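Shown below: entry25.pdb, with PDB, C-alpha atoms.
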```pdb
ATOM      1  CA  MET A   1     -17.016 -94.803  74.044  1.00  0.00           C
ATOM      2  CA  ASN A   2     -19.450 -93.308  71.503  1.00  0.00           C
ATOM      3  CA  TRP A   3     -19.746 -89.535  71.254  1.00  0.00           C
ATOM      4  CA  ILE A   4     -23.286 -88.181  70.961  1.00  0.00           C
ATOM      5  CA  ARG A   5     -24.631 -84.658  70.962  1.00  0.00           C
ATOM      6  CA  THR A   6     -27.494 -83.694  73.258  1.00  0.00           C
ATOM      7  CA  ASP A   7     -29.862 -82.920  70.372  1.00  0.00           C
ATOM      8  CA  ASP A   8     -29.187 -86.359  68.825  1.00  0.00           C
ATOM      9  CA  LEU A   9     -29.773 -88.062  72.170  1.00  0.00           C
ATOM     10  CA  LEU A  10     -33.083 -86.263  72.628  1.00  0.00           C
ATOM     11  CA  ALA A  11     -34.209 -87.147  69.101  1.00  0.00           C
ATOM     12  CA  ARG A  12     -33.375 -90.829  69.577  1.00  0.00           C
ATOM     13  CA  TYR A  13     -34.959 -90.887  73.036  1.00  0.00           C
ATOM     14  CA  ASN A  14     -38.172 -89.347  71.679  1.00  0.00           C
ATOM     15  CA  ALA A  15     -38.159 -92.017  68.964  1.00  0.00           C
ATOM     16  CA  GLY A  16     -38.272 -94.692  71.680  1.00  0.00           C
ATOM     17  CA  GLU A  17     -34.603 -95.546  72.288  1.00  0.00           C
ATOM     18  CA  ARG A  18     -33.559 -95.887  75.930  1.00  0.00           C
ATOM     19  CA  ASN A  19     -30.169 -97.629  75.889  1.00  0.00           C
ATOM     20  CA  PHE A  20     -27.370 -95.053  75.714  1.00  0.00           C
ATOM     21  CA  ALA A  21     -24.851 -96.976  77.810  1.00  0.00           C
ATOM     22  CA  GLY A  22     -21.196 -96.136  77.259  1.00  0.00           C
ATOM     23  CA  ILE A  23     -21.644 -92.767  75.565  1.00  0.00           C
ATOM     24  CA  PHE A  24     -19.812 -89.472  75.919  1.00  0.00           C
ATOM     25  CA  LEU A  25     -22.467 -86.772  75.984  1.00  0.00           C
ATOM     26  CA  GLU A  26     -21.327 -83.723  74.077  1.00  0.00           C
ATOM     27  CA  GLY A  27     -23.118 -80.416  74.379  1.00  0.00           C
ATOM     28  CA  SER A  28     -23.601 -77.378  76.539  1.00  0.00           C
ATOM     29  CA  GLU A  29     -26.962 -77.737  78.273  1.00  0.00           C
ATOM     30  CA  MET A  30     -30.357 -79.428  78.553  1.00  0.00           C
ATOM     31  CA  ALA A  31     -33.369 -78.051  80.355  1.00  0.00           C
ATOM     32  CA  GLY A  32     -36.946 -79.098  81.055  1.00  0.00           C
ATOM     33  CA  VAL A  33     -36.836 -82.428  79.212  1.00  0.00           C
ATOM     34  CA  ASP A  34     -38.088 -85.909  80.158  1.00  0.00           C
ATOM     35  CA  LEU A  35     -35.422 -88.639  80.097  1.00  0.00           C
ATOM     36  CA  SER A  36     -37.089 -91.005  82.566  1.00  0.00           C
ATOM     37  CA  GLY A  37     -35.912 -94.604  82.355  1.00  0.00           C
ATOM     38  CA  ILE A  38     -32.855 -93.783  80.242  1.00  0.00           C
ATOM     39  CA  ASP A  39     -29.765 -96.027  80.508  1.00  0.00           C
ATOM     40  CA  LEU A  40     -26.607 -93.913  80.795  1.00  0.00           C
ATOM     41  CA  SER A  41     -24.507 -96.519  82.585  1.00  0.00           C
ATOM     42  CA  ASP A  42     -20.737 -96.413  81.983  1.00  0.00           C
ATOM     43  CA  SER A  43     -21.191 -93.021  80.321  1.00  0.00           C
ATOM     44  CA  ASP A  44     -19.437 -89.677  80.612  1.00  0.00           C
ATOM     45  CA  LEU A  45     -21.611 -86.581  80.936  1.00  0.00           C
ATOM     46  CA  GLY A  46     -18.606 -84.274  80.722  1.00  0.00           C
ATOM     47  CA  GLU A  47     -19.394 -80.817  82.054  1.00  0.00           C
ATOM     48  CA  ILE A  48     -22.876 -80.469  80.576  1.00  0.00           C
ATOM     49  CA  TYR A  49     -25.358 -78.259  82.439  1.00  0.00           C
ATOM     50  CA  MET A  50     -28.782 -79.824  83.040  1.00  0.00           C
ATOM     51  CA  GLU A  51     -31.678 -78.107  84.731  1.00  0.00           C
ATOM     52  CA  ASP A  52     -35.189 -79.409  85.557  1.00  0.00           C
ATOM     53  CA  VAL A  53     -34.541 -82.698  83.717  1.00  0.00           C
ATOM     54  CA  ASN A  54     -36.647 -85.732  84.659  1.00  0.00           C
ATOM     55  CA  PHE A  55     -34.334 -88.726  85.214  1.00  0.00           C
ATOM     56  CA  THR A  56     -36.833 -90.846  87.154  1.00  0.00           C
ATOM     57  CA  GLY A  57     -35.695 -94.496  87.123  1.00  0.00           C
ATOM     58  CA  ALA A  58     -32.568 -93.699  85.091  1.00  0.00           C
ATOM     59  CA  ASN A  59     -29.481 -95.934  85.190  1.00  0.00           C
ATOM     60  CA  PHE A  60     -26.215 -94.070  85.821  1.00  0.00           C
ATOM     61  CA  CYS A  61     -24.191 -97.030  87.142  1.00  0.00           C
ATOM     62  CA  SER A  62     -20.428 -96.438  86.918  1.00  0.00           C
ATOM     63  CA  SER A  63     -20.889 -93.193  85.001  1.00  0.00           C
ATOM     64  CA  ARG A  64     -18.890 -89.992  85.368  1.00  0.00           C
ATOM     65  CA  ILE A  65     -20.969 -86.951  86.238  1.00  0.00           C
ATOM     66  CA  GLY A  66     -18.166 -85.049  87.940  1.00  0.00           C
ATOM     67  CA  GLN A  67     -18.451 -81.253  87.539  1.00  0.00           C
ATOM     68  CA  ALA A  68     -21.632 -81.589  85.492  1.00  0.00           C
ATOM     69  CA  GLY A  69     -24.692 -79.634  86.565  1.00  0.00           C
ATOM     70  CA  LEU A  70     -27.866 -81.457  87.604  1.00  0.00           C
ATOM     71  CA  ILE A  71     -29.793 -78.542  89.053  1.00  0.00           C
ATOM     72  CA  ARG A  72     -33.365 -79.201  90.273  1.00  0.00           C
ATOM     73  CA  CYS A  73     -33.378 -82.518  88.420  1.00  0.00           C
ATOM     74  CA  ILE A  74     -35.681 -85.399  89.323  1.00  0.00           C
ATOM     75  CA  LEU A  75     -33.615 -88.503  90.084  1.00  0.00           C
ATOM     76  CA  ARG A  76     -36.258 -90.541  91.890  1.00  0.00           C
ATOM     77  CA  ASP A  77     -35.522 -94.295  91.850  1.00  0.00           C
ATOM     78  CA  ALA A  78     -32.358 -93.645  89.813  1.00  0.00           C
ATOM     79  CA  ASP A  79     -29.432 -96.068  90.087  1.00  0.00           C
ATOM     80  CA  LEU A  80     -26.227 -94.108  90.736  1.00  0.00           C
ATOM     81  CA  THR A  81     -24.173 -97.025  92.034  1.00  0.00           C
ATOM     82  CA  ARG A  82     -20.415 -96.395  91.726  1.00  0.00           C
ATOM     83  CA  THR A  83     -21.106 -93.137  89.891  1.00  0.00           C
ATOM     84  CA  ASN A  84     -18.363 -90.501  90.005  1.00  0.00           C
ATOM     85  CA  MET A  85     -20.088 -87.267  90.994  1.00  0.00           C
ATOM     86  CA  GLY A  86     -17.116 -85.502  92.537  1.00  0.00           C
ATOM     87  CA  PHE A  87     -17.701 -81.722  92.498  1.00  0.00           C
ATOM     88  CA  ALA A  88     -20.983 -82.180  90.582  1.00  0.00           C
ATOM     89  CA  HIS A  89     -23.744 -79.626  91.082  1.00  0.00           C
ATOM     90  CA  LEU A  90     -26.851 -81.414  92.391  1.00  0.00           C
ATOM     91  CA  SER A  91     -28.500 -78.620  94.333  1.00  0.00           C
ATOM     92  CA  ARG A  92     -32.277 -78.816  94.849  1.00  0.00           C
ATOM     93  CA  SER A  93     -32.506 -82.152  93.023  1.00  0.00           C
ATOM     94  CA  ASP A  94     -34.900 -84.905  94.113  1.00  0.00           C
ATOM     95  CA  LEU A  95     -32.984 -88.110  94.906  1.00  0.00           C
ATOM     96  CA  THR A  96     -35.873 -89.890  96.610  1.00  0.00           C
ATOM     97  CA  ASN A  97     -35.242 -93.658  96.749  1.00  0.00           C
ATOM     98  CA  ALA A  98     -32.100 -93.245  94.624  1.00  0.00           C
ATOM     99  CA  LYS A  99     -29.337 -95.842  94.917  1.00  0.00           C
ATOM    100  CA  LEU A 100     -25.987 -94.135  95.590  1.00  0.00           C
ATOM    101  CA  VAL A 101     -24.032 -97.164  96.851  1.00  0.00           C
ATOM    102  CA  ASP A 102     -20.254 -96.619  96.535  1.00  0.00           C
ATOM    103  CA  ALA A 103     -20.896 -93.288  94.790  1.00  0.00           C
ATOM    104  CA  TYR A 104     -18.135 -90.677  94.802  1.00  0.00           C
ATOM    105  CA  LEU A 105     -19.623 -87.363  95.932  1.00  0.00           C
ATOM    106  CA  SER A 106     -16.553 -85.622  97.305  1.00  0.00           C
ATOM    107  CA  GLY A 107     -16.886 -81.870  96.970  1.00  0.00           C
ATOM    108  CA  ALA A 108     -20.337 -82.120  95.395  1.00  0.00           C
ATOM    109  CA  ASP A 109     -22.849 -79.291  95.765  1.00  0.00           C
ATOM    110  CA  MET A 110     -25.925 -80.988  97.250  1.00  0.00           C
ATOM    111  CA  VAL A 111     -27.579 -78.002  98.904  1.00  0.00           C
ATOM    112  CA  GLU A 112     -31.301 -78.566  99.506  1.00  0.00           C
ATOM    113  CA  THR A 113     -31.363 -81.995  97.856  1.00  0.00           C
ATOM    114  CA  ASN A 114     -34.099 -84.453  98.808  1.00  0.00           C
ATOM    115  CA  LEU A 115     -32.448 -87.674 100.028  1.00  0.00           C
ATOM    116  CA  THR A 116     -35.635 -89.318 101.278  1.00  0.00           C
ATOM    117  CA  GLU A 117     -35.150 -93.112 101.493  1.00  0.00           C
ATOM    118  CA  SER A 118     -32.016 -92.937  99.325  1.00  0.00           C
ATOM    119  CA  ASP A 119     -29.147 -95.408  99.863  1.00  0.00           C
ATOM    120  CA  LEU A 120     -25.738 -93.800 100.448  1.00  0.00           C
ATOM    121  CA  THR A 121     -23.991 -96.974 101.635  1.00  0.00           C
ATOM    122  CA  ARG A 122     -20.209 -96.501 101.449  1.00  0.00           C
ATOM    123  CA  ALA A 123     -20.641 -93.256  99.501  1.00  0.00           C
ATOM    124  CA  ASP A 124     -17.790 -90.745  99.762  1.00  0.00           C
ATOM    125  CA  LEU A 125     -19.244 -87.458 101.035  1.00  0.00           C
ATOM    126  CA  GLU A 126     -15.988 -85.796 102.059  1.00  0.00           C
ATOM    127  CA  GLY A 127     -16.248 -82.057 101.519  1.00  0.00           C
ATOM    128  CA  ALA A 128     -19.771 -82.278 100.082  1.00  0.00           C
ATOM    129  CA  ASN A 129     -21.985 -79.258 100.729  1.00  0.00           C
ATOM    130  CA  MET A 130     -25.253 -80.724 101.977  1.00  0.00           C
ATOM    131  CA  LYS A 131     -26.776 -77.772 103.793  1.00  0.00           C
ATOM    132  CA  ARG A 132     -30.555 -77.976 104.236  1.00  0.00           C
ATOM    133  CA  SER A 133     -30.716 -81.406 102.580  1.00  0.00           C
ATOM    134  CA  ILE A 134     -33.761 -83.491 103.458  1.00  0.00           C
ATOM    135  CA  TYR A 135     -33.235 -86.843 105.205  1.00  0.00           C
ATOM    136  CA  TYR A 136     -35.985 -89.392 105.832  1.00  0.00           C
ATOM    137  CA  ASN A 137     -35.120 -93.092 106.304  1.00  0.00           C
ATOM    138  CA  THR A 138     -31.885 -92.351 104.448  1.00  0.00           C
ATOM    139  CA  ILE A 139     -29.170 -95.025 104.568  1.00  0.00           C
ATOM    140  CA  MET A 140     -25.938 -93.210 105.389  1.00  0.00           C
ATOM    141  CA  PRO A 141     -22.403 -94.266 104.314  1.00  0.00           C
ATOM    142  CA  ASP A 142     -21.824 -96.138 107.579  1.00  0.00           C
ATOM    143  CA  GLY A 143     -25.082 -98.088 107.189  1.00  0.00           C
ATOM    144  CA  SER A 144     -27.025 -96.111 109.795  1.00  0.00           C
ATOM    145  CA  ILE A 145     -30.537 -94.874 109.073  1.00  0.00           C
ATOM    146  CA  ARG A 146     -31.071 -91.120 109.298  1.00  0.00           C
ATOM    147  CA  THR A 147     -34.317 -89.240 109.647  1.00  0.00           C
ATOM    148  CA  THR A 148     -32.691 -86.194 111.165  1.00  0.00           C
ATOM    149  CA  ASN A 149     -30.822 -83.394 109.436  1.00  0.00           C
ATOM    150  CA  LYS A 150     -27.423 -83.599 111.014  1.00  0.00           C
ATOM    151  CA  TYR A 151     -24.588 -85.813 109.796  1.00  0.00           C
ATOM    152  CA  LEU A 152     -21.004 -85.499 110.985  1.00  0.00           C
ATOM    153  CA  ASN A 153     -17.853 -86.221 108.982  1.00  0.00           C
ATOM    154  CA  LYS A 154     -14.646 -87.776 110.275  1.00  0.00           C
ATOM    155  CA  GLU A 155     -13.426 -84.497 111.774  1.00  0.00           C
ATOM    156  CA  ASN A 156     -16.757 -84.138 113.617  1.00  0.00           C
ATOM    157  CA  LYS A 157     -17.639 -81.101 111.528  1.00  0.00           C
ATOM    158  CA  SER A 158     -21.244 -80.864 110.453  1.00  0.00           C
ATOM    159  CA  LEU A 159     -21.871 -81.529 106.769  1.00  0.00           C
ATOM    160  CA  VAL A 160     -25.564 -80.870 107.168  1.00  0.00           C
ATOM    161  CA  GLN A 161     -27.169 -78.052 109.075  1.00  0.00           C
ATOM    162  CA  PRO A 162     -30.392 -78.795 110.967  1.00  0.00           C
ATOM    163  CA  ILE A 163     -33.474 -77.817 108.970  1.00  0.00           C
ATOM    164  CA  LYS A 164     -35.107 -74.690 110.293  1.00  0.00           C
ATOM    165  CA  THR A 165     -38.805 -74.052 110.206  1.00  0.00           C
ATOM    166  CA  PRO A 166     -40.092 -72.158 107.164  1.00  0.00           C
ATOM    167  CA  SER A 167     -40.757 -69.189 109.427  1.00  0.00           C
ATOM    168  CA  GLU A 168     -37.049 -69.162 110.368  1.00  0.00           C
ATOM    169  CA  GLU A 169     -35.558 -69.753 106.962  1.00  0.00           C
ATOM    170  CA  GLY A 170     -36.882 -70.458 103.455  1.00  0.00           C
ATOM    171  CA  LEU A 171     -35.801 -73.821 102.062  1.00  0.00           C
ATOM    172  CA  GLY A 172     -35.241 -72.661  98.495  1.00  0.00           C
ATOM    173  CA  SER A 173     -37.225 -72.492  95.283  1.00  0.00           C
ATOM    174  CA  GLY A 174     -39.524 -75.432  94.713  1.00  0.00           C
ATOM    175  CA  ILE A 175     -38.903 -77.238  98.024  1.00  0.00           C
ATOM    176  CA  THR A 176     -41.724 -77.576 100.512  1.00  0.00           C
ATOM    177  CA  ILE A 177     -41.966 -79.484 103.766  1.00  0.00           C
ATOM    178  CA  PRO A 178     -45.328 -80.881 104.948  1.00  0.00           C
ATOM    179  CA  ARG A 179     -46.557 -79.286 108.143  1.00  0.00           C
ATOM    180  CA  ARG A 180     -46.100 -82.477 110.168  1.00  0.00           C
ATOM    181  CA  LEU A 181     -42.425 -82.717 109.217  1.00  0.00           C
ATOM    182  CA  VAL A 182     -41.429 -79.168 110.104  1.00  0.00           C
ATOM    183  CA  CYS A 183     -44.460 -77.254 111.286  1.00  0.00           C
ATOM    184  CA  SER A 184     -44.314 -73.535 110.595  1.00  0.00           C
ATOM    185  CA  ARG A 185     -46.480 -72.923 113.649  1.00  0.00           C
ATOM    186  CA  CYS A 186     -45.013 -75.144 116.335  1.00  0.00           C
ATOM    187  CA  GLY A 187     -41.843 -76.626 114.856  1.00  0.00           C
ATOM    188  CA  ALA A 188     -43.091 -80.211 115.236  1.00  0.00           C
ATOM    189  CA  ILE A 189     -41.207 -82.854 113.260  1.00  0.00           C
ATOM    190  CA  GLY A 190     -43.109 -85.793 111.811  1.00  0.00           C
ATOM    191  CA  THR A 191     -44.010 -87.152 108.412  1.00  0.00           C
ATOM    192  CA  LYS A 192     -42.288 -87.665 105.091  1.00  0.00           C
ATOM    193  CA  PRO A 193     -40.974 -84.663 103.118  1.00  0.00           C
ATOM    194  CA  ASN A 194     -41.782 -83.931  99.507  1.00  0.00           C
ATOM    195  CA  ILE A 195     -40.395 -81.820  96.687  1.00  0.00           C
ATOM    196  CA  ASN A 196     -43.005 -80.207  94.506  1.00  0.00           C
ATOM    197  CA  ASP A 197     -42.853 -78.335  91.237  1.00  0.00           C
ATOM    198  CA  ILE A 198     -39.224 -79.127  90.543  1.00  0.00           C
TER     199      ILE A 198
END
```
What's the structure tokens form of this structure?
Amino acid sequence: MNWIRTDDLLARYNAGERNFAGIFLEGSEMAGVDLSGIDLSDSDLGEIYMEDVNFTGANFCSSRIGQAGLIRCILRDADLTRTNMGFAHLSRSDLTNAKLVDAYLSGADMVETNLTESDLTRADLEGANMKRSIYYNTIMPDGSIRTTNKYLNKENKSLVQPIKTPSEEGLGSGITIPRRLVCSRCGAIGTKPNINDI
């Protein structure tokens, strides 16, 4: 496994390189950068703190992200198959259409994440904090499709609290729900959620 510092990775990425498979990322933090399409498969992100990073279409297959911070990151269309994210901090991140098949998410902080059309087949969610997460056509670990906001673990304890209307409870910085999904006036539930300005 090749060690690489965050500033070196950013310099090489900005020069056009995308394949960083099998690296150990060394550094303290990254914020507000664009790493869309990067290949970090079979890599180790250590305990690096990342905030507002764009990972759209990134490849994290079989990587270790455990205990790293991915706060308000964009992970749309990212491949997180077999990724170890145990106890990772993923709060308020956008995982729309992300592939999380066989991912290990035990104990992860996933508060207010957008899981629209993501695939969680066989993912381990034991002990994950998924309060106020957004579900729309989400494939759950047991293969069922969820468009609601309540998912029960083996002990029949709720991992996800039902989404309240914006008038009842704010959904956190940067997250908005279209009026037809959770109407602030009548509470009607309908169309697809979005995350803006993450």
Item to complete: Name the residues that the PyMOL selection byres ((chain A and resi 31) around 6) pulls out of this structure, and write them as a ChimeraX atom specification.
Response: /A:30,32-33,50-53
CA of Leu120 in chain A to CA of Ile139 in chain A measures 5.5 Å
- request: Dump as a PyMOL selection string all residues having an atom at most 12 Å from (-30.4, -97.4, 97.3), computed in the file's coordinates with only C-alpha atoms.
  value: chain A and resi 57+61+75-82+95-103+115-123+137-141+143
Note to self: Which residue is closest to Tyr135 in chain A? Choose from A:Glu47, A:Asn2, A:Ala11, A:Asp94 and count all atoms listed in the file.
What the structure shows: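 Closest to Tyr135 in chain A, using all atoms listed in the file: A:Asp94.
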Polymer residues at most 9 Å from range 35-39 of chain A, only C-alpha atoms, same-chain spacing of 2 or more positions, as a compact mmCIF listing (two decimals) with C-alpha atoms, keeping the file's coordinate frame:
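Contents of part.txt, as written:
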```txt
# COMPACT_ATOMS: atom_id res chain seq x y z
CA LEU A 10 -33.08 -86.26 72.63
CA TYR A 13 -34.96 -90.89 73.04
CA ASN A 14 -38.17 -89.35 71.68
CA GLU A 17 -34.60 -95.55 72.29
CA ARG A 18 -33.56 -95.89 75.93
CA ASN A 19 -30.17 -97.63 75.89
CA PHE A 20 -27.37 -95.05 75.71
CA ALA A 21 -24.85 -96.98 77.81
CA VAL A 33 -36.84 -82.43 79.21
CA SER A 41 -24.51 -96.52 82.58
CA VAL A 53 -34.54 -82.70 83.72
CA ASN A 54 -36.65 -85.73 84.66
CA PHE A 55 -34.33 -88.73 85.21
CA THR A 56 -36.83 -90.85 87.15
CA GLY A 57 -35.70 -94.50 87.12
CA ALA A 58 -32.57 -93.70 85.09
CA ASN A 59 -29.48 -95.93 85.19
CA PHE A 60 -26.22 -94.07 85.82
CA CYS A 61 -24.19 -97.03 87.14
CA ILE A 74 -35.68 -85.40 89.32
CA LEU A 75 -33.62 -88.50 90.08
CA ALA A 78 -32.36 -93.64 89.81
```
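What separates CA of Tyr49 in chain A from CA of Met1 in chain A is a distance of 20.3 Å.
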Here CA of Phe24 in chain A and CA of Glu112 in chain A stand apart by 28.4 Å
If we count all atoms listed in the file and set the cut-off at 8 Å, which residues sit around Thr113 in chain A, ignoring sequence neighbours fewer than 3 positions away in its own chain? Please answer as a list of chain:residue names.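 My list of contacting residues is A:Leu90, A:Ser91, A:Arg92, A:Ser93, A:Asp94, A:Leu95, A:Met110, A:Met130, A:Arg132, A:Ser133, A:Ile134.
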Since we have the selection now, will you write its residues out, keeping C-alpha atoms, as a PDB file, in the frame of the given file?
```
ATOM      1  CA  LEU A  90     -26.851 -81.414  92.391  1.00  0.00           C
ATOM      2  CA  SER A  91     -28.500 -78.620  94.333  1.00  0.00           C
ATOM      3  CA  ARG A  92     -32.277 -78.816  94.849  1.00  0.00           C
ATOM      4  CA  SER A  93     -32.506 -82.152  93.023  1.00  0.00           C
ATOM      5  CA  ASP A  94     -34.900 -84.905  94.113  1.00  0.00           C
ATOM      6  CA  LEU A  95     -32.984 -88.110  94.906  1.00  0.00           C
ATOM      7  CA  MET A 110     -25.925 -80.988  97.250  1.00  0.00           C
ATOM      8  CA  MET A 130     -25.253 -80.724 101.977  1.00  0.00           C
ATOM      9  CA  ARG A 132     -30.555 -77.976 104.236  1.00  0.00           C
ATOM     10  CA  SER A 133     -30.716 -81.406 102.580  1.00  0.00           C
ATOM     11  CA  ILE A 134     -33.761 -83.491 103.458  1.00  0.00           C
TER      12      ILE A 134
END
```
Can you list what the PyMOL selection byres ((chain A and resi 28) around 6) grabs from this structure, as an MDAnalysis selection string?
-> chainID A and resid 27 29 48
Using the selection just defined, write its residues with C-alpha atoms as a short mmCIF file (atom, residue, chain, number, x, y, z; two decimals), keeping the file's coordinate frame.
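As written to disk, out.cif reads:
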```cif
data_model
loop_
_atom_site.label_atom_id
_atom_site.label_comp_id
_atom_site.auth_asym_id
_atom_site.auth_seq_id
_atom_site.Cartn_x
_atom_site.Cartn_y
_atom_site.Cartn_z
CA GLY A 27 -23.12 -80.42 74.38
CA GLU A 29 -26.96 -77.74 78.27
CA ILE A 48 -22.88 -80.47 80.58
#
```
With N, CA and C atoms as the goal, would you fill in the gaps in range 5-18 of chain A and present it as a PDB file, keeping the file's coordinate frame?
```pdb
ATOM      1  N   ARG A   5     -24.220 -85.993  70.585  1.00  0.00           N
ATOM      2  CA  ARG A   5     -24.631 -84.658  70.962  1.00  0.00           C
ATOM      3  C   ARG A   5     -25.994 -84.712  71.661  1.00  0.00           C
ATOM      4  N   THR A   6     -26.252 -83.708  72.491  1.00  0.00           N
ATOM      5  CA  THR A   6     -27.494 -83.694  73.258  1.00  0.00           C
ATOM      6  C   THR A   6     -28.727 -83.691  72.357  1.00  0.00           C
ATOM      7  N   ASP A   7     -28.689 -82.959  71.239  1.00  0.00           N
ATOM      8  CA  ASP A   7     -29.862 -82.920  70.372  1.00  0.00           C
ATOM      9  C   ASP A   7     -30.117 -84.274  69.708  1.00  0.00           C
ATOM     10  N   ASP A   8     -29.027 -85.014  69.380  1.00  0.00           N
ATOM     11  CA  ASP A   8     -29.187 -86.359  68.825  1.00  0.00           C
ATOM     12  C   ASP A   8     -29.755 -87.318  69.863  1.00  0.00           C
ATOM     13  N   LEU A   9     -29.261 -87.201  71.105  1.00  0.00           N
ATOM     14  CA  LEU A   9     -29.773 -88.062  72.170  1.00  0.00           C
ATOM     15  C   LEU A   9     -31.267 -87.827  72.378  1.00  0.00           C
ATOM     16  N   LEU A  10     -31.669 -86.572  72.412  1.00  0.00           N
ATOM     17  CA  LEU A  10     -33.083 -86.263  72.628  1.00  0.00           C
ATOM     18  C   LEU A  10     -33.942 -86.787  71.478  1.00  0.00           C
ATOM     19  N   ALA A  11     -33.450 -86.670  70.251  1.00  0.00           N
ATOM     20  CA  ALA A  11     -34.209 -87.147  69.101  1.00  0.00           C
ATOM     21  C   ALA A  11     -34.378 -88.663  69.157  1.00  0.00           C
ATOM     22  N   ARG A  12     -33.312 -89.367  69.497  1.00  0.00           N
ATOM     23  CA  ARG A  12     -33.375 -90.829  69.577  1.00  0.00           C
ATOM     24  C   ARG A  12     -34.227 -91.282  70.754  1.00  0.00           C
ATOM     25  N   TYR A  13     -34.130 -90.556  71.873  1.00  0.00           N
ATOM     26  CA  TYR A  13     -34.959 -90.887  73.036  1.00  0.00           C
ATOM     27  C   TYR A  13     -36.437 -90.708  72.682  1.00  0.00           C
ATOM     28  N   ASN A  14     -36.777 -89.613  72.045  1.00  0.00           N
ATOM     29  CA  ASN A  14     -38.172 -89.347  71.679  1.00  0.00           C
ATOM     30  C   ASN A  14     -38.696 -90.340  70.649  1.00  0.00           C
ATOM     31  N   ALA A  15     -37.766 -90.984  69.932  1.00  0.00           N
ATOM     32  CA  ALA A  15     -38.159 -92.017  68.964  1.00  0.00           C
ATOM     33  C   ALA A  15     -38.319 -93.383  69.631  1.00  0.00           C
ATOM     34  N   GLY A  16     -38.050 -93.459  70.940  1.00  0.00           N
ATOM     35  CA  GLY A  16     -38.272 -94.692  71.680  1.00  0.00           C
ATOM     36  C   GLY A  16     -37.028 -95.385  72.188  1.00  0.00           C
ATOM     37  N   GLU A  17     -35.843 -94.921  71.825  1.00  0.00           N
ATOM     38  CA  GLU A  17     -34.603 -95.546  72.288  1.00  0.00           C
ATOM     39  C   GLU A  17     -34.332 -95.166  73.745  1.00  0.00           C
ATOM     40  N   ARG A  18     -33.857 -96.141  74.522  1.00  0.00           N
ATOM     41  CA  ARG A  18     -33.559 -95.887  75.930  1.00  0.00           C
ATOM     42  C   ARG A  18     -32.132 -96.269  76.312  1.00  0.00           C
TER      43      ARG A  18
END
```
